[in-house]
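**Student:** What follows is work_20.pdb; its format and atoms are PDB, C-alpha atoms, pLDDT in the B column.
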```
ATOM      1  CA  MET V   1       5.468  15.942   3.079  1.00 60.00           C
ATOM      2  CA  ASN V   2       7.586  14.924   0.111  1.00 74.00           C
ATOM      3  CA  ALA V   3       6.044  11.988  -1.808  1.00 72.00           C
ATOM      4  CA  LEU V   4       9.531  10.627  -2.534  1.00 72.00           C
ATOM      5  CA  THR V   5      10.240  10.438   1.206  1.00 91.00           C
ATOM      6  CA  ILE V   6       6.973   8.572   1.795  1.00 94.00           C
ATOM      7  CA  GLU V   7       7.687   6.258  -1.138  1.00 93.00           C
ATOM      8  CA  SER V   8      11.160   5.517   0.234  1.00 93.00           C
ATOM      9  CA  ALA V   9       9.725   4.771   3.677  1.00 95.00           C
ATOM     10  CA  ILE V  10       7.122   2.408   2.212  1.00 94.00           C
ATOM     11  CA  ARG V  11       9.693   0.585   0.064  1.00 92.00           C
ATOM     12  CA  LEU V  12      12.132   0.303   2.963  1.00 94.00           C
ATOM     13  CA  HIS V  13       9.466  -1.117   5.251  1.00 94.00           C
ATOM     14  CA  LEU V  14       8.364  -3.692   2.672  1.00 94.00           C
ATOM     15  CA  ARG V  15      11.955  -4.715   1.917  1.00 93.00           C
ATOM     16  CA  GLN V  16      12.747  -5.178   5.600  1.00 94.00           C
ATOM     17  CA  GLU V  17       9.480  -6.699   6.803  1.00 93.00           C
ATOM     18  CA  GLY V  18       8.003  -8.295   3.678  1.00 93.00           C
ATOM     19  CA  PRO V  19       4.319  -8.126   2.766  1.00 94.00           C
ATOM     20  CA  CYS V  20       2.059  -6.442   5.298  1.00 95.00           C
ATOM     21  CA  THR V  21      -1.455  -5.152   5.611  1.00 93.00           C
ATOM     22  CA  LEU V  22      -2.248  -1.569   4.806  1.00 93.00           C
ATOM     23  CA  GLU V  23      -3.282  -1.107   8.440  1.00 93.00           C
ATOM     24  CA  THR V  24       0.157  -2.296   9.616  1.00 94.00           C
ATOM     25  CA  LEU V  25       1.867   0.074   7.209  1.00 95.00           C
ATOM     26  CA  LEU V  26      -0.240   2.986   8.461  1.00 94.00           C
ATOM     27  CA  ASN V  27       0.672   2.133  12.056  1.00 95.00           C
ATOM     28  CA  ARG V  28       4.397   1.678  11.345  1.00 95.00           C
ATOM     29  CA  LEU V  29       4.693   4.874   9.322  1.00 95.00           C
ATOM     30  CA  SER V  30       2.713   7.025  11.738  1.00 94.00           C
ATOM     31  CA  GLN V  31       4.867  10.072  10.961  1.00 95.00           C
ATOM     32  CA  PHE V  32       2.875  10.344   7.715  1.00 95.00           C
ATOM     33  CA  SER V  33      -0.838  10.999   7.448  1.00 95.00           C
ATOM     34  CA  TRP V  34      -3.313   8.389   6.291  1.00 92.00           C
ATOM     35  CA  SER V  35      -4.034  10.318   3.086  1.00 94.00           C
ATOM     36  CA  GLU V  36      -0.323  10.780   2.284  1.00 95.00           C
ATOM     37  CA  ILE V  37       0.318   7.048   2.520  1.00 94.00           C
ATOM     38  CA  PHE V  38      -2.826   6.170   0.534  1.00 92.00           C
ATOM     39  CA  SER V  39      -1.873   8.603  -2.216  1.00 94.00           C
ATOM     40  CA  VAL V  40       1.621   7.118  -2.617  1.00 94.00           C
ATOM     41  CA  VAL V  41       0.317   3.528  -2.380  1.00 94.00           C
ATOM     42  CA  ASP V  42      -2.149   4.366  -5.159  1.00 93.00           C
ATOM     43  CA  GLN V  43       0.629   5.797  -7.368  1.00 93.00           C
ATOM     44  CA  LEU V  44       2.971   2.864  -6.727  1.00 93.00           C
ATOM     45  CA  SER V  45       0.259   0.296  -7.436  1.00 92.00           C
ATOM     46  CA  ARG V  46      -0.592   1.963 -10.755  1.00 92.00           C
ATOM     47  CA  LYS V  47       3.091   1.828 -11.782  1.00 91.00           C
ATOM     48  CA  GLY V  48       3.391  -1.812 -10.754  1.00 91.00           C
ATOM     49  CA  SER V  49       5.949  -1.010  -8.063  1.00 91.00           C
ATOM     50  CA  LEU V  50       3.573  -2.218  -5.401  1.00 92.00           C
ATOM     51  CA  VAL V  51       1.194  -5.173  -5.445  1.00 92.00           C
ATOM     52  CA  LEU V  52      -2.137  -4.939  -3.652  1.00 88.00           C
ATOM     53  CA  ARG V  53      -3.781  -8.172  -2.587  1.00 90.00           C
ATOM     54  CA  ARG V  54      -7.132  -8.607  -0.975  1.00 89.00           C
ATOM     55  CA  PRO V  55      -6.691 -11.708   1.201  1.00 85.00           C
ATOM     56  CA  GLY V  56     -10.167 -11.430   2.680  1.00 84.00           C
ATOM     57  CA  ARG V  57     -13.326  -9.450   2.420  1.00 83.00           C
ATOM     58  CA  PHE V  58     -11.800  -6.470   4.202  1.00 83.00           C
ATOM     59  CA  GLY V  59      -8.376  -4.907   4.020  1.00 86.00           C
ATOM     60  CA  TYR V  60      -5.439  -5.014   1.665  1.00 88.00           C
ATOM     61  CA  GLU V  61      -2.025  -6.652   1.776  1.00 91.00           C
ATOM     62  CA  LEU V  62       0.894  -4.814   0.203  1.00 92.00           C
ATOM     63  CA  SER V  63       4.091  -6.232  -1.259  1.00 93.00           C
ATOM     64  CA  ILE V  64       6.819  -5.041  -3.591  1.00 91.00           C
ATOM     65  CA  GLY V  65       5.823  -5.354  -7.248  1.00 85.00           C
ATOM     66  CA  ALA V  66       7.621  -6.924 -10.180  1.00 77.00           C
ATOM     67  CA  ASP V  67       9.604  -3.783 -10.926  1.00 66.00           C
ATOM     68  CA  GLY V  68      10.787  -3.530  -7.297  1.00 58.00           C
ATOM     69  CA  MET V  69      14.198  -4.828  -6.267  1.00 42.00           C
ATOM     70  CA  ASN V  70      12.871  -7.587  -4.017  1.00 39.00           C
ATOM     71  CA  VAL V  71       9.815  -9.262  -5.449  1.00 36.00           C
ATOM     72  CA  GLU V  72       7.872 -10.863  -2.630  1.00 37.00           C
ATOM     73  CA  ALA V  73       6.130 -14.180  -3.046  1.00 37.00           C
ATOM     74  CA  VAL V  74       2.401 -13.994  -2.543  1.00 38.00           C
ATOM     75  CA  PRO V  75       0.920 -16.655  -0.261  1.00 39.00           C
ATOM     76  CA  SER V  76      -1.422 -19.030  -2.032  1.00 36.00           C
ATOM     77  CA  GLY V  77      -5.080 -18.428  -1.433  1.00 42.00           C
ATOM     78  CA  THR V  78      -4.825 -14.644  -1.571  1.00 41.00           C
ATOM     79  CA  ALA V  79      -6.820 -12.863  -4.213  1.00 43.00           C
ATOM     80  CA  PRO V  80      -5.314  -9.891  -6.020  1.00 45.00           C
ATOM     81  CA  ALA V  81      -7.113  -6.583  -5.638  1.00 47.00           C
ATOM     82  CA  SER V  82      -9.568  -6.496  -8.497  1.00 44.00           C
ATOM     83  CA  ARG V  83      -8.138  -3.432 -10.183  1.00 49.00           C
ATOM     84  CA  PRO V  84      -6.084  -0.373  -9.225  1.00 51.00           C
ATOM     85  CA  GLU V  85      -9.270   1.584  -9.979  1.00 55.00           C
ATOM     86  CA  GLU V  86     -11.025  -0.276  -7.155  1.00 52.00           C
ATOM     87  CA  PHE V  87      -8.355   0.796  -4.693  1.00 53.00           C
ATOM     88  CA  SER V  88      -8.501   4.361  -6.025  1.00 53.00           C
ATOM     89  CA  ARG V  89     -12.262   4.383  -5.488  1.00 53.00           C
ATOM     90  CA  VAL V  90     -11.727   3.376  -1.861  1.00 50.00           C
ATOM     91  CA  VAL V  91      -9.136   6.134  -1.498  1.00 47.00           C
ATOM     92  CA  GLU V  92     -11.465   8.727  -3.047  1.00 51.00           C
ATOM     93  CA  GLN V  93     -14.365   7.704  -0.808  1.00 45.00           C
ATOM     94  CA  ALA V  94     -12.201   7.908   2.273  1.00 45.00           C
ATOM     95  CA  ASP V  95     -10.357  11.059   1.265  1.00 45.00           C
ATOM     96  CA  GLY V  96     -12.430  13.214   3.586  1.00 45.00           C
ATOM     97  CA  CYS V  97     -11.882  10.860   6.550  1.00 45.00           C
ATOM     98  CA  GLU V  98      -8.561  11.677   8.154  1.00 43.00           C
ATOM     99  CA  MET V  99      -7.644   8.857  10.524  1.00 42.00           C
ATOM    100  CA  ARG V 100      -4.727  10.723  12.057  1.00 43.00           C
ATOM    101  CA  GLY V 101      -3.323  14.213  11.872  1.00 41.00           C
TER     102      GLY V 101
END
```
Translate the structure of the given file into C-alpha cells.
**Tutor:**
Amino acid sequence: MNALTIESAIRLHLRQEGPCTLETLLNRLSQFSWSEIFSVVDQLSRKGSLVLRRPGRFGYELSIGADGMNVEAVPSGTAPASRPEEFSRVVEQADGCEMRG
C-alpha cells in the first residue's frame, strides 16, 4: 500500500476526530495492516507531523503535530512519549507480530 495514502488517511482521521489512541486508529483504518500504520506513524512522529503521548502506562495517544494544519491541544496530565526512538523500539519488537492481515 502507498505510504502517502496511509499518511493521508491518518491525517484525515486526526483532523476530523481529534486526538485518539493508536488502538482506535488501527481499528478505524482497518483497510491498512498494523505494520503499515505503525511504519507511517513512526515516520510522521520523527518529522514532527504527529505527536505521540503516553497518557498511561500502556498505549499511545496520537495528535497532529506542530507542523500539521490543525494543531490539537493536549489534555493536561498526559505525558509525552519519551522519545521517538522509544516508539521505534516498540515497532521493531512488534514487527514480527501481525495483528491483522
**Student:** Hey, which of V:Glu17, V:Glu7, V:Glu61, V:Asn2 ends up closest to Val40 (chain V)? Count all atoms listed in the file.
**Tutor:**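 Looking only at the distances to Val40 (chain V), the closest residue turns out to be V:Glu7.
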**Student:** Of the candidates V:Leu14, V:Leu26, V:Ile37, V:Cys20, which one gets nearest to Ser49 (chain V) if we count all atoms listed in the file?
**Tutor:**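 Among the listed residues, V:Leu14 lies closest to Ser49 (chain V).
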**Student:** In Å, how far is it from CA of Gly59 (chain V) to CA of Thr24 (chain V)?
**Tutor:** 10.5 Å
**Student:** Rounded to one decimal, what separation in Å do you get between CA of Arg15 (chain V) and CA of Leu50 (chain V)?
**Tutor:**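 Result for CA of Arg15 (chain V) versus CA of Leu50 (chain V): 11.4 Å, one decimal.
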**Student:** For the structure provided, state which residues fall under the PyMOL selection byres ((chain V and resi 43) around 12), and present them as a PyMOL selection string.
**Tutor:** chain V and resi 3-4+6-7+36-42+44-52+84-85+87-88+91
**Student:** Can you work out the spacing between CA of Arg53 (chain V) and CA of Gly65 (chain V) in Å, to one decimal?
**Tutor:**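 Computing it gives 11.0 Å between the two atoms.
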**Student:** Closest to Leu25 (chain V) among V:Gly56, V:Ser8, V:Ala66, V:His13, using all atoms listed in the file?
**Tutor:**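 Closest residue, counting all atoms listed in the file: V:His13.
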**Student:** Looking at V:Ile64, V:Ser33, V:Thr5, V:Arg54, which one is nearest to Thr21 (chain V), with distances taken over all atoms listed in the file?
**Tutor:**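 So, comparing all the options, the nearest one is V:Arg54.
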